[in-house]
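Participant: Quick one, run-v2.cif (mmCIF, C-alpha atoms and all ligand atoms):
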data_upload
#
loop_
_atom_site.group_PDB
_atom_site.id
_atom_site.type_symbol
_atom_site.label_atom_id
_atom_site.label_comp_id
_atom_site.auth_asym_id
_atom_site.auth_seq_id
_atom_site.Cartn_x
_atom_site.Cartn_y
_atom_site.Cartn_z
ATOM 1 C CA MET P 1 -31.934 37.407 -2.853
ATOM 2 C CA ASN P 2 -32.011 39.436 -6.021
ATOM 3 C CA ILE P 3 -32.792 37.494 -9.204
ATOM 4 C CA THR P 4 -32.758 40.028 -11.999
ATOM 5 C CA ASN P 5 -33.590 38.057 -15.162
ATOM 6 C CA LYS P 6 -36.735 39.787 -16.491
ATOM 7 C CA HIS P 7 -37.279 37.028 -19.074
ATOM 8 C CA LEU P 8 -38.386 34.748 -16.227
ATOM 9 C CA ASP P 9 -41.600 36.807 -15.979
ATOM 10 C CA ASN P 10 -42.634 35.472 -19.387
ATOM 11 C CA ILE P 11 -42.309 31.795 -18.431
ATOM 12 C CA ASP P 12 -45.586 30.212 -17.293
ATOM 13 C CA VAL P 13 -44.189 26.889 -16.161
ATOM 14 C CA ASP P 14 -40.445 26.691 -15.556
ATOM 15 C CA HIS P 15 -38.983 23.213 -16.118
ATOM 16 C CA PHE P 16 -35.935 22.614 -13.954
ATOM 17 C CA HIS P 17 -34.394 20.193 -16.406
ATOM 18 C CA HIS P 18 -31.616 18.918 -14.121
ATOM 19 C CA LEU P 19 -33.641 18.774 -10.908
ATOM 20 C CA GLY P 20 -36.287 16.843 -12.795
ATOM 21 C CA PHE P 21 -39.415 18.802 -11.875
ATOM 22 C CA SER P 22 -41.238 21.951 -12.937
ATOM 23 C CA THR P 23 -42.939 24.781 -11.075
ATOM 24 C CA LYS P 24 -46.209 22.960 -11.819
ATOM 25 C CA ASP P 25 -45.083 19.677 -10.209
ATOM 26 C CA ILE P 26 -44.164 21.058 -6.801
ATOM 27 C CA ALA P 27 -45.694 23.258 -4.128
ATOM 28 C CA LEU P 28 -43.508 26.378 -4.330
ATOM 29 C CA GLU P 29 -44.827 27.610 -0.986
ATOM 30 C CA ASN P 30 -43.035 24.658 0.681
ATOM 31 C CA PHE P 31 -39.700 26.341 -0.056
ATOM 32 C CA LYS P 32 -40.603 29.781 1.258
ATOM 33 C CA ASP P 33 -39.238 28.999 4.727
ATOM 34 C CA VAL P 34 -35.711 28.060 3.518
ATOM 35 C CA LYS P 35 -33.045 29.797 5.632
ATOM 36 C CA ILE P 36 -29.988 27.639 4.899
ATOM 37 C CA VAL P 37 -28.952 26.167 1.557
ATOM 38 C CA CYS P 38 -26.135 23.674 1.819
ATOM 39 C CA VAL P 39 -24.439 22.104 -1.196
ATOM 40 C CA CYS P 40 -21.760 19.401 -1.445
ATOM 41 C CA GLY P 41 -20.177 17.676 -4.432
ATOM 42 C CA SER P 42 -21.268 14.105 -3.865
ATOM 43 C CA PRO P 43 -24.911 12.947 -3.806
ATOM 44 C CA GLU P 44 -24.179 10.255 -1.219
ATOM 45 C CA ARG P 45 -22.471 12.770 1.082
ATOM 46 C CA VAL P 46 -25.464 15.125 0.848
ATOM 47 C CA LYS P 47 -27.812 12.318 1.816
ATOM 48 C CA LYS P 48 -25.654 11.432 4.832
ATOM 49 C CA LEU P 49 -25.348 15.104 5.789
ATOM 50 C CA ALA P 50 -29.151 15.425 5.701
ATOM 51 C CA GLY P 51 -29.428 12.492 8.139
ATOM 52 C CA PHE P 52 -26.666 13.932 10.336
ATOM 53 C CA LEU P 53 -28.283 17.400 10.555
ATOM 54 C CA ASN P 54 -31.669 15.878 11.217
ATOM 55 C CA ASP P 55 -30.249 13.741 14.050
ATOM 56 C CA GLY P 56 -28.782 16.904 15.587
ATOM 57 C CA LEU P 57 -31.725 19.224 15.004
ATOM 58 C CA LYS P 58 -34.738 16.860 15.020
ATOM 59 C CA LEU P 59 -36.447 18.781 12.232
ATOM 60 C CA VAL P 60 -38.449 16.023 10.518
ATOM 61 C CA LYS P 61 -39.151 12.301 10.956
ATOM 62 C CA ALA P 62 -36.327 10.223 9.429
ATOM 63 C CA GLU P 63 -38.752 8.623 6.938
ATOM 64 C CA GLU P 64 -39.712 12.071 5.627
ATOM 65 C CA ILE P 65 -36.197 12.689 4.261
ATOM 66 C CA HIS P 66 -36.413 11.876 0.570
ATOM 67 C CA ASN P 67 -34.725 12.983 -2.638
ATOM 68 C CA LEU P 68 -36.806 15.659 -4.379
ATOM 69 C CA CYS P 69 -35.013 15.276 -7.725
ATOM 70 C CA SER P 70 -36.320 12.844 -10.282
ATOM 71 C CA THR P 71 -33.219 12.811 -12.470
ATOM 72 C CA ASP P 72 -29.902 11.265 -11.460
ATOM 73 C CA ARG P 73 -27.968 14.504 -12.138
ATOM 74 C CA TYR P 74 -28.314 15.911 -8.635
ATOM 75 C CA VAL P 75 -30.022 15.070 -5.347
ATOM 76 C CA MET P 76 -31.955 17.520 -3.187
ATOM 77 C CA PHE P 77 -33.408 17.170 0.304
ATOM 78 C CA LYS P 78 -35.426 19.559 2.421
ATOM 79 C CA LEU P 79 -35.442 19.400 6.225
ATOM 80 C CA GLY P 80 -37.615 22.217 7.542
ATOM 81 C CA PRO P 81 -35.731 25.448 6.755
ATOM 82 C CA ILE P 82 -32.656 23.621 5.383
ATOM 83 C CA LEU P 83 -32.302 22.782 1.687
ATOM 84 C CA LEU P 84 -29.467 20.427 0.749
ATOM 85 C CA ALA P 85 -28.268 19.499 -2.736
ATOM 86 C CA SER P 86 -25.338 17.915 -4.581
ATOM 87 C CA HIS P 87 -23.492 19.913 -7.254
ATOM 88 C CA GLY P 88 -21.102 17.394 -8.826
ATOM 89 C CA ILE P 89 -17.484 18.270 -9.660
ATOM 90 C CA GLY P 90 -16.389 21.627 -11.074
ATOM 91 C CA ALA P 91 -17.936 24.986 -11.917
ATOM 92 C CA PRO P 92 -20.036 23.971 -14.964
ATOM 93 C CA SER P 93 -21.894 21.307 -13.002
ATOM 94 C CA ALA P 94 -22.238 23.519 -9.914
ATOM 95 C CA SER P 95 -23.441 26.541 -11.901
ATOM 96 C CA ILE P 96 -26.332 24.594 -13.476
ATOM 97 C CA LEU P 97 -27.506 23.492 -10.027
ATOM 98 C CA PHE P 98 -27.212 27.047 -8.692
ATOM 99 C CA HIS P 99 -29.298 28.513 -11.546
ATOM 100 C CA GLU P 100 -32.068 26.017 -10.835
ATOM 101 C CA ILE P 101 -31.954 26.385 -7.019
ATOM 102 C CA PHE P 102 -31.889 30.197 -7.203
ATOM 103 C CA LYS P 103 -34.907 30.215 -9.518
ATOM 104 C CA LEU P 104 -36.746 27.728 -7.299
ATOM 105 C CA LEU P 105 -36.165 29.914 -4.233
ATOM 106 C CA HIS P 106 -36.983 33.098 -6.167
ATOM 107 C CA TYR P 107 -40.355 31.709 -7.307
ATOM 108 C CA SER P 108 -40.962 30.462 -3.750
ATOM 109 C CA GLU P 109 -40.242 33.929 -2.344
ATOM 110 C CA ALA P 110 -37.674 32.546 0.103
ATOM 111 C CA LYS P 111 -35.883 35.405 1.802
ATOM 112 C CA GLU P 112 -32.669 35.971 3.737
ATOM 113 C CA PHE P 113 -31.191 32.501 3.363
ATOM 114 C CA VAL P 114 -27.505 31.771 3.727
ATOM 115 C CA PHE P 115 -25.636 29.562 1.262
ATOM 116 C CA PHE P 116 -22.932 27.047 2.241
ATOM 117 C CA ARG P 117 -20.685 24.825 0.185
ATOM 118 C CA LEU P 118 -19.182 22.048 2.293
ATOM 119 C CA GLY P 119 -16.417 20.310 0.432
ATOM 120 C CA THR P 120 -12.929 18.863 0.309
ATOM 121 C CA CYS P 121 -9.688 20.416 -0.882
ATOM 122 C CA GLY P 122 -5.931 20.194 -0.991
ATOM 123 C CA GLY P 123 -4.093 22.359 1.580
ATOM 124 C CA LEU P 124 -0.957 24.467 1.178
ATOM 125 C CA GLY P 125 1.112 23.923 4.314
ATOM 126 C CA VAL P 126 -2.179 23.050 6.032
ATOM 127 C CA LYS P 127 -2.611 19.667 7.648
ATOM 128 C CA PRO P 128 -5.342 17.190 6.638
ATOM 129 C CA GLY P 129 -8.493 17.599 8.722
ATOM 130 C CA THR P 130 -8.258 21.406 8.885
ATOM 131 C CA ILE P 131 -11.318 23.324 7.636
ATOM 132 C CA VAL P 132 -10.538 26.275 5.350
ATOM 133 C CA LEU P 133 -13.047 29.138 4.997
ATOM 134 C CA THR P 134 -12.579 30.934 1.662
ATOM 135 C CA LYS P 135 -12.040 34.697 1.797
ATOM 136 C CA LYS P 136 -11.452 35.112 -1.946
ATOM 137 C CA ALA P 137 -11.558 32.513 -4.708
ATOM 138 C CA LEU P 138 -8.685 33.045 -7.151
ATOM 139 C CA ASN P 139 -8.621 31.887 -10.766
ATOM 140 C CA GLY P 140 -5.626 30.345 -12.557
ATOM 141 C CA PHE P 141 -4.060 33.824 -12.912
ATOM 142 C CA LEU P 142 -4.572 34.532 -9.192
ATOM 143 C CA GLN P 143 -7.323 37.046 -9.941
ATOM 144 C CA PRO P 144 -10.412 37.174 -7.676
ATOM 145 C CA VAL P 145 -12.844 36.719 -10.563
ATOM 146 C CA TYR P 146 -14.949 34.004 -12.170
ATOM 147 C CA THR P 147 -14.956 34.348 -15.962
ATOM 148 C CA GLN P 148 -17.897 33.421 -18.167
ATOM 149 C CA THR P 149 -18.052 33.689 -21.944
ATOM 150 C CA VAL P 150 -21.524 34.783 -23.023
ATOM 151 C CA LEU P 151 -22.586 35.634 -26.606
ATOM 152 C CA GLY P 152 -18.906 35.716 -27.565
ATOM 153 C CA LYS P 153 -17.980 38.184 -24.834
ATOM 154 C CA LYS P 154 -15.960 37.708 -21.667
ATOM 155 C CA PHE P 155 -17.576 38.604 -18.330
ATOM 156 C CA ASP P 156 -15.598 38.701 -15.076
ATOM 157 C CA TYR P 157 -17.570 38.400 -11.833
ATOM 158 C CA PRO P 158 -15.974 39.154 -8.431
ATOM 159 C CA THR P 159 -15.287 36.231 -6.115
ATOM 160 C CA ILE P 160 -14.729 37.943 -2.767
ATOM 161 C CA MET P 161 -16.825 36.101 -0.206
ATOM 162 C CA ASP P 162 -19.020 37.467 2.548
ATOM 163 C CA ASN P 163 -16.903 38.182 5.615
ATOM 164 C CA THR P 164 -19.721 38.195 8.161
ATOM 165 C CA ILE P 165 -20.273 34.423 8.007
ATOM 166 C CA ILE P 166 -16.524 33.839 8.352
ATOM 167 C CA GLU P 167 -16.541 36.034 11.468
ATOM 168 C CA GLU P 168 -19.583 34.242 12.900
ATOM 169 C CA LEU P 169 -17.927 30.871 12.318
ATOM 170 C CA GLN P 170 -14.631 32.015 13.805
ATOM 171 C CA HIS P 171 -16.511 33.178 16.878
ATOM 172 C CA LEU P 172 -17.992 29.694 17.165
ATOM 173 C CA VAL P 173 -14.538 28.170 16.839
ATOM 174 C CA GLN P 174 -13.233 30.323 19.709
ATOM 175 C CA GLU P 175 -15.995 28.865 21.899
ATOM 176 C CA ASN P 176 -15.284 25.285 20.867
ATOM 177 C CA SER P 177 -11.694 24.077 20.774
ATOM 178 C CA ASN P 178 -12.680 20.893 18.883
ATOM 179 C CA PHE P 179 -12.732 22.798 15.599
ATOM 180 C CA ASP P 180 -9.576 23.245 13.559
ATOM 181 C CA VAL P 181 -10.546 26.135 11.273
ATOM 182 C CA ILE P 182 -8.594 28.768 9.341
ATOM 183 C CA SER P 183 -9.546 31.308 6.695
ATOM 184 C CA GLY P 184 -7.633 32.378 3.607
ATOM 185 C CA ASP P 185 -7.697 32.541 -0.143
ATOM 186 C CA THR P 186 -8.620 29.552 -2.287
ATOM 187 C CA PHE P 187 -7.056 28.684 -5.629
ATOM 188 C CA CYS P 188 -10.006 27.477 -7.691
ATOM 189 C CA CYS P 189 -9.285 25.238 -10.686
ATOM 190 C CA ASP P 190 -11.143 23.637 -13.570
ATOM 191 C CA ASP P 191 -9.166 20.422 -13.204
ATOM 192 C CA PHE P 192 -7.841 18.182 -10.419
ATOM 193 C CA TYR P 193 -4.503 17.316 -12.054
ATOM 194 C CA GLU P 194 -2.393 19.735 -14.165
ATOM 195 C CA ALA P 195 -4.384 22.850 -13.183
ATOM 196 C CA GLN P 196 -3.703 21.971 -9.525
ATOM 197 C CA ALA P 197 0.024 21.478 -10.259
ATOM 198 C CA ARG P 198 -0.060 17.716 -9.750
ATOM 199 C CA LEU P 199 2.602 15.463 -11.260
ATOM 200 C CA ASP P 200 0.365 12.378 -11.314
ATOM 201 C CA GLY P 201 -2.157 13.137 -14.092
ATOM 202 C CA ALA P 202 -2.165 11.354 -17.455
ATOM 203 C CA PHE P 203 -0.279 14.374 -18.855
ATOM 204 C CA CYS P 204 2.196 16.786 -17.321
ATOM 205 C CA THR P 205 3.979 19.657 -19.067
ATOM 206 C CA TYR P 206 6.189 20.886 -16.187
ATOM 207 C CA SER P 207 8.952 19.672 -13.853
ATOM 208 C CA LYS P 208 8.779 18.817 -10.142
ATOM 209 C CA GLN P 209 10.681 22.060 -9.463
ATOM 210 C CA ASP P 210 8.145 24.090 -11.498
ATOM 211 C CA LYS P 211 5.349 22.540 -9.465
ATOM 212 C CA GLU P 212 7.055 23.283 -6.157
ATOM 213 C CA ASP P 213 7.843 26.875 -7.177
ATOM 214 C CA PHE P 214 4.229 27.444 -8.219
ATOM 215 C CA LEU P 215 2.708 26.026 -5.034
ATOM 216 C CA THR P 216 5.169 28.008 -2.894
ATOM 217 C CA MET P 217 4.265 31.167 -4.830
ATOM 218 C CA LEU P 218 0.549 30.484 -4.191
ATOM 219 C CA GLN P 219 1.251 29.999 -0.500
ATOM 220 C CA SER P 220 3.227 33.229 -0.232
ATOM 221 C CA ASN P 221 0.252 35.026 -1.841
ATOM 222 C CA GLY P 222 -2.072 33.939 0.986
ATOM 223 C CA VAL P 223 -3.559 30.849 -0.675
ATOM 224 C CA LYS P 224 -4.476 28.226 1.912
ATOM 225 C CA ASN P 225 -6.254 25.643 -0.223
ATOM 226 C CA ILE P 226 -7.107 24.382 -3.700
ATOM 227 C CA GLU P 227 -10.462 23.126 -4.938
ATOM 228 C CA MET P 228 -12.837 23.442 -7.873
ATOM 229 C CA GLU P 229 -16.086 25.307 -7.101
ATOM 230 C CA SER P 230 -15.463 28.228 -4.716
ATOM 231 C CA SER P 231 -15.258 30.782 -7.549
ATOM 232 C CA VAL P 232 -18.658 29.933 -9.003
ATOM 233 C CA VAL P 233 -20.215 29.837 -5.516
ATOM 234 C CA ALA P 234 -18.822 33.299 -4.766
ATOM 235 C CA ALA P 235 -19.606 34.811 -8.185
ATOM 236 C CA MET P 236 -23.172 33.549 -8.467
ATOM 237 C CA CYS P 237 -24.050 34.295 -4.837
ATOM 238 C CA ASN P 238 -22.605 37.809 -5.208
ATOM 239 C CA ARG P 239 -24.690 38.355 -8.349
ATOM 240 C CA ALA P 240 -27.816 37.124 -6.571
ATOM 241 C CA ASN P 241 -27.027 39.055 -3.390
ATOM 242 C CA ILE P 242 -26.928 35.894 -1.282
ATOM 243 C CA ARG P 243 -24.553 35.622 1.694
ATOM 244 C CA ALA P 244 -22.343 32.607 1.054
ATOM 245 C CA CYS P 245 -19.558 30.620 2.642
ATOM 246 C CA THR P 246 -17.289 27.897 1.304
ATOM 247 C CA MET P 247 -15.893 25.596 3.977
ATOM 248 C CA CYS P 248 -13.621 22.841 2.723
ATOM 249 C CA VAL P 249 -11.733 20.256 4.698
ATOM 250 C CA VAL P 250 -8.148 19.498 3.694
ATOM 251 C CA LEU P 251 -7.560 15.914 2.488
ATOM 252 C CA VAL P 252 -3.888 16.295 1.555
ATOM 253 C CA ASP P 253 -1.145 18.863 2.134
ATOM 254 C CA ARG P 254 -0.078 19.644 -1.423
ATOM 255 C CA LEU P 255 3.338 20.877 -0.286
ATOM 256 C CA ALA P 256 3.987 17.263 0.775
ATOM 257 C CA GLU P 257 1.962 15.047 -1.606
ATOM 258 C CA ASP P 258 -0.095 14.929 -4.788
ATOM 259 C CA GLN P 259 -2.046 11.758 -4.099
ATOM 260 C CA VAL P 260 -4.810 11.553 -1.548
ATOM 261 C CA ILE P 261 -3.805 8.501 0.454
ATOM 262 C CA LEU P 262 -6.493 7.865 3.036
ATOM 263 C CA THR P 263 -8.368 4.709 3.988
ATOM 264 C CA ASN P 264 -12.102 4.843 3.305
ATOM 265 C CA GLU P 265 -12.695 5.141 7.035
ATOM 266 C CA MET P 266 -10.245 8.050 7.410
ATOM 267 C CA ARG P 267 -11.717 9.866 4.381
ATOM 268 C CA LYS P 268 -15.271 9.526 5.684
ATOM 269 C CA GLU P 269 -14.186 10.779 9.111
ATOM 270 C CA ILE P 270 -12.354 13.797 7.651
ATOM 271 C CA GLU P 271 -15.179 14.665 5.247
ATOM 272 C CA LYS P 272 -17.569 14.929 8.198
ATOM 273 C CA LYS P 273 -15.564 17.626 9.991
ATOM 274 C CA PRO P 274 -17.341 20.635 8.349
ATOM 275 C CA TRP P 275 -20.685 18.986 9.212
ATOM 276 C CA TYR P 276 -20.139 19.585 12.947
ATOM 277 C CA LEU P 277 -19.287 23.240 12.348
ATOM 278 C CA LEU P 278 -22.375 23.727 10.171
ATOM 279 C CA LEU P 279 -24.550 22.010 12.796
ATOM 280 C CA GLU P 280 -23.300 24.375 15.505
ATOM 281 C CA TYR P 281 -23.902 27.377 13.226
ATOM 282 C CA ILE P 282 -27.450 26.260 12.411
ATOM 283 C CA LYS P 283 -28.232 25.515 16.071
ATOM 284 C CA ARG P 284 -27.399 29.094 16.935
ATOM 285 C CA LYS P 285 -29.039 30.636 13.888
ATOM 286 C CA ILE P 286 -32.300 28.938 13.296
ATOM 287 C CA ALA P 287 -33.109 26.050 15.554
ATOM 288 C CA PRO P 288 -34.086 26.856 19.121
ATOM 289 C CA VAL P 289 -33.044 23.411 20.467
HETATM 290 C C1 LIG P 301 -12.913 19.028 -4.317
HETATM 291 O O1 LIG P 301 -12.936 17.707 -4.567
HETATM 292 C C2 LIG P 301 -13.430 17.487 -5.890
HETATM 293 C C3 LIG P 301 -12.347 16.886 -6.747
HETATM 294 O O2 LIG P 301 -11.906 15.676 -6.219
HETATM 295 C C4 LIG P 301 -13.916 18.822 -6.366
HETATM 296 O O3 LIG P 301 -15.320 18.871 -6.446
HETATM 297 C C5 LIG P 301 -13.457 19.716 -5.329
HETATM 298 O O4 LIG P 301 -13.675 21.029 -5.368
HETATM 299 N N1 LIG P 302 -10.237 18.385 -4.052
HETATM 300 C C1 LIG P 302 -9.437 19.069 -4.916
HETATM 301 O O1 LIG P 302 -9.944 19.746 -5.828
HETATM 302 N N2 LIG P 302 -8.109 18.996 -4.745
HETATM 303 C C2 LIG P 302 -7.540 18.242 -3.795
HETATM 304 O O2 LIG P 302 -6.303 18.189 -3.718
HETATM 305 C C3 LIG P 302 -8.368 17.532 -2.905
HETATM 306 C C4 LIG P 302 -9.728 17.616 -3.062
#
Would you mind writing the file out in structure tokens?
Ligand code: R2B
Ligand code: URA

Facilitator:
Amino acid sequence: MNITNKHLDNIDVDHFHHLGFSTKDIALENFKDVKIVCVCGSPERVKKLAGFLNDGLKLVKAEEIHNLCSTDRYVMFKLGPILLASHGIGAPSASILFHEIFKLLHYSEAKEFVFFRLGTCGGLGVKPGTIVLTKKALNGFLQPVYTQTVLGKKFDYPTIMDNTIIEELQHLVQENSNFDVISGDTFCCDDFYEAQARLDGAFCTYSKQDKEDFLTMLQSNGVKNIEMESSVVAAMCNRANIRACTMCVVLVDRLAEDQVILTNEMRKEIEKKPWYLLLEYIKRKIAPV
């Protein structure tokens, strides 16, 4: 990891406002062993994922799994070398979490960790339940950049994701036919409704035909899925020199539907699919079980 902000050297105690603790409140050395960081949108899903990974890897006693955050903005759990956290919905929320996690791991001198976002998405001609690994995250103009406005200037950061993790995961998939996994480009939006070409938001400025033409154009440009955080994951991890992977499970094929129509049971089942793939990856990478 390469955190380059020199101003950090002048801060005695860094207060992680959204995590709800400071560098004085926690033992930084406890984070030095982190090898996998895994983030998901929903706090409840992160908590369940922590329990699921611990059941599979037997890293800590169940009663030792507790939320390290003292605000209700995010949750964070640590299971041996695995750090899990929730990032909320969209790039602004995710980017705040990533700043604070990167600083935490920088101060802790954690090295060589891999970063995963496990999430949900809409598919383009891809059936629900399929996991999509993002090769490039594309913005609303189909460019592989994440744009930030800083001090009145526009900065574009590249959003091409690390290919080595995709290859490692695809290798795993070849060994295990239970996984339904593809890779491709991801259309990353700042909105769930109009920006994702849905007709069912409170507002809509285009026709059904416009929507269909746009989604078909995305598909013919190699876009496999649509979600809301892959670009900031890719951009910030590239800047920090962290290997990262976004794996999102398809909830709805957007060429067929706008609405996500799943029973609670079906949604929970589908949302768990990337968990099994991550567990297999971790088993091979870090846990000699
Ligand atoms: C997928 O699902 C969320 C929106 O419902 C958003 O966080 C995303 O990327
Ligand atoms: N998340 C999104 O951002 N879009 C979808 O269609 C489904 C989940």

Participant: Counting all atoms listed in the file, which residue out of P:Gly90, P:Gly122, P:Pro81, P:Gly41 sits closest to ligand LIG 302 (chain P)?

Facilitator: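 Of all the options, P:Gly122 lies closest to ligand LIG 302 (chain P).
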
Participant: Pick from P:Val126, P:Met161, P:Phe203, P:Asp210: nearest to Ile182 of chain P, with all atoms listed in the file counted?

Facilitator: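 Among the listed residues, P:Val126 lies closest to Ile182 of chain P.
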
Participant: Within 6 Å of (-15.0, 35.3, -8.1) in the file's own coordinates, which protein, DNA or RNA residues have an atom, counting all atoms listed in the file? List them as a list in words.

Facilitator: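 In the file's frame, the residues around the point are Ala137, Pro144, Val145, Tyr146, Tyr157, Pro158, Thr159, Ile160, Ser231, Ala234 and Ala235 of chain P.
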
Participant: Taking only C-alpha atoms and all ligand atoms into account, which residues are within 6 Å of ligand LIG 302 (chain P), as a ChimeraX atom specification?

Facilitator: /P:120-122,192,226-228,251

Participant: Counting all atoms listed in the file, what residues are within 12 Å of ligand LIG 301 (chain P), given as a PDB file with C-alpha atoms, keeping the file's coordinate frame?

Facilitator:
ATOM      1  CA  VAL P  39     -24.439  22.104  -1.196  1.00  0.00           C
ATOM      2  CA  CYS P  40     -21.760  19.401  -1.445  1.00  0.00           C
ATOM      3  CA  GLY P  41     -20.177  17.676  -4.432  1.00  0.00           C
ATOM      4  CA  SER P  42     -21.268  14.105  -3.865  1.00  0.00           C
ATOM      5  CA  PRO P  43     -24.911  12.947  -3.806  1.00  0.00           C
ATOM      6  CA  SER P  86     -25.338  17.915  -4.581  1.00  0.00           C
ATOM      7  CA  HIS P  87     -23.492  19.913  -7.254  1.00  0.00           C
ATOM      8  CA  GLY P  88     -21.102  17.394  -8.826  1.00  0.00           C
ATOM      9  CA  ILE P  89     -17.484  18.270  -9.660  1.00  0.00           C
ATOM     10  CA  GLY P  90     -16.389  21.627 -11.074  1.00  0.00           C
ATOM     11  CA  ALA P  91     -17.936  24.986 -11.917  1.00  0.00           C
ATOM     12  CA  PRO P  92     -20.036  23.971 -14.964  1.00  0.00           C
ATOM     13  CA  SER P  93     -21.894  21.307 -13.002  1.00  0.00           C
ATOM     14  CA  ALA P  94     -22.238  23.519  -9.914  1.00  0.00           C
ATOM     15  CA  ARG P 117     -20.685  24.825   0.185  1.00  0.00           C
ATOM     16  CA  LEU P 118     -19.182  22.048   2.293  1.00  0.00           C
ATOM     17  CA  GLY P 119     -16.417  20.310   0.432  1.00  0.00           C
ATOM     18  CA  THR P 120     -12.929  18.863   0.309  1.00  0.00           C
ATOM     19  CA  CYS P 121      -9.688  20.416  -0.882  1.00  0.00           C
ATOM     20  CA  GLY P 122      -5.931  20.194  -0.991  1.00  0.00           C
ATOM     21  CA  GLY P 123      -4.093  22.359   1.580  1.00  0.00           C
ATOM     22  CA  ALA P 137     -11.558  32.513  -4.708  1.00  0.00           C
ATOM     23  CA  THR P 186      -8.620  29.552  -2.287  1.00  0.00           C
ATOM     24  CA  PHE P 187      -7.056  28.684  -5.629  1.00  0.00           C
ATOM     25  CA  CYS P 188     -10.006  27.477  -7.691  1.00  0.00           C
ATOM     26  CA  CYS P 189      -9.285  25.238 -10.686  1.00  0.00           C
ATOM     27  CA  ASP P 190     -11.143  23.637 -13.570  1.00  0.00           C
ATOM     28  CA  ASP P 191      -9.166  20.422 -13.204  1.00  0.00           C
ATOM     29  CA  PHE P 192      -7.841  18.182 -10.419  1.00  0.00           C
ATOM     30  CA  TYR P 193      -4.503  17.316 -12.054  1.00  0.00           C
ATOM     31  CA  ALA P 195      -4.384  22.850 -13.183  1.00  0.00           C
ATOM     32  CA  GLN P 196      -3.703  21.971  -9.525  1.00  0.00           C
ATOM     33  CA  ASN P 225      -6.254  25.643  -0.223  1.00  0.00           C
ATOM     34  CA  ILE P 226      -7.107  24.382  -3.700  1.00  0.00           C
ATOM     35  CA  GLU P 227     -10.462  23.126  -4.938  1.00  0.00           C
ATOM     36  CA  MET P 228     -12.837  23.442  -7.873  1.00  0.00           C
ATOM     37  CA  GLU P 229     -16.086  25.307  -7.101  1.00  0.00           C
ATOM     38  CA  SER P 230     -15.463  28.228  -4.716  1.00  0.00           C
ATOM     39  CA  SER P 231     -15.258  30.782  -7.549  1.00  0.00           C
ATOM     40  CA  VAL P 232     -18.658  29.933  -9.003  1.00  0.00           C
ATOM     41  CA  VAL P 233     -20.215  29.837  -5.516  1.00  0.00           C
ATOM     42  CA  THR P 246     -17.289  27.897   1.304  1.00  0.00           C
ATOM     43  CA  MET P 247     -15.893  25.596   3.977  1.00  0.00           C
ATOM     44  CA  CYS P 248     -13.621  22.841   2.723  1.00  0.00           C
ATOM     45  CA  VAL P 249     -11.733  20.256   4.698  1.00  0.00           C
ATOM     46  CA  VAL P 250      -8.148  19.498   3.694  1.00  0.00           C
ATOM     47  CA  LEU P 251      -7.560  15.914   2.488  1.00  0.00           C
ATOM     48  CA  VAL P 252      -3.888  16.295   1.555  1.00  0.00           C
ATOM     49  CA  ASP P 258      -0.095  14.929  -4.788  1.00  0.00           C
ATOM     50  CA  GLN P 259      -2.046  11.758  -4.099  1.00  0.00           C
ATOM     51  CA  VAL P 260      -4.810  11.553  -1.548  1.00  0.00           C
ATOM     52  CA  ARG P 267     -11.717   9.866   4.381  1.00  0.00           C
ATOM     53  CA  GLU P 271     -15.179  14.665   5.247  1.00  0.00           C
TER      54      GLU P 271
END

Participant: I need the residue nearest Asp72 of chain P from this list: P:Lys47, P:His18, P:Lys24, P:Lys268. Use only C-alpha atoms for the distance.

Facilitator: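 That would be P:His18, the residue with the smallest distance to Asp72 of chain P.
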
Participant: Pick the closest to Ala256 of chain P from P:Ala85, P:Pro128, P:Met217, P:Val150: which is it, counting only C-alpha atoms?

Facilitator: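 For Ala256 of chain P, the nearest of the candidates is P:Pro128.
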
Participant: Might you spell out which residues the PyMOL selection byres (((chain P and resi 12) around 12) and not hetatm) would select in the displayed file, as number ranges by chain?

Facilitator: P: 7-11, 13-15, 22-24, 107

Participant: Can you tell me how far atom CA of Leu59 of chain P sits from atom CA of Gly80 of chain P, in Å to one decimal?

Facilitator: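 Separation between atom CA of Leu59 of chain P and atom CA of Gly80 of chain P: 5.9 Å.
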
Participant: For Val223 of chain P, which residue among P:Val132, P:Asn241, P:Leu124, P:Ile286 is the nearest when counting all atoms listed in the file?

Facilitator: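 Residue with the minimum atom-to-atom distance to Val223 of chain P: P:Leu124.
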
Participant: For a quick check of understanding, using all atoms listed in the file, which of P:Asp162, P:Glu100, P:Asp213, P:Asp200 has the smallest distance to His17 of chain P?

Facilitator: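 With all atoms listed in the file as the atom set, the closest residue is P:Glu100.
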
Participant: Could you tell me how far atom CA of Glu257 of chain P sits from atom CA of Ala202 of chain P, in Å to one decimal place?

Facilitator: 16.8 Å

Participant: Hey, what's within 12 Å of Glu63 of chain P if we count only C-alpha atoms and toss same-chain stuff fewer than 6 positions away? As an mmCIF file with C-alpha atoms, keeping the file's coordinate frame, please?

Facilitator:
data_model
loop_
_atom_site.group_PDB
_atom_site.id
_atom_site.type_symbol
_atom_site.label_atom_id
_atom_site.label_comp_id
_atom_site.auth_asym_id
_atom_site.auth_seq_id
_atom_site.Cartn_x
_atom_site.Cartn_y
_atom_site.Cartn_z
ATOM 1 C CA ALA P 50 -29.151 15.425 5.701
ATOM 2 C CA GLY P 51 -29.428 12.492 8.139
ATOM 3 C CA ASN P 54 -31.669 15.878 11.217
ATOM 4 C CA LEU P 79 -35.442 19.400 6.225
#

Participant: Could you tell me how far atom CA of Phe21 of chain P sits from atom CA of Ser70 of chain P, in Å to one decimal place?

Facilitator: 6.9 Å

Participant: Applied to the shown file, which residues does the PyMOL selection byres (((chain P and resi 84) around 6) and not hetatm) return, written as a ChimeraX atom specification?

Facilitator: /P:37-39,76-77,83,85
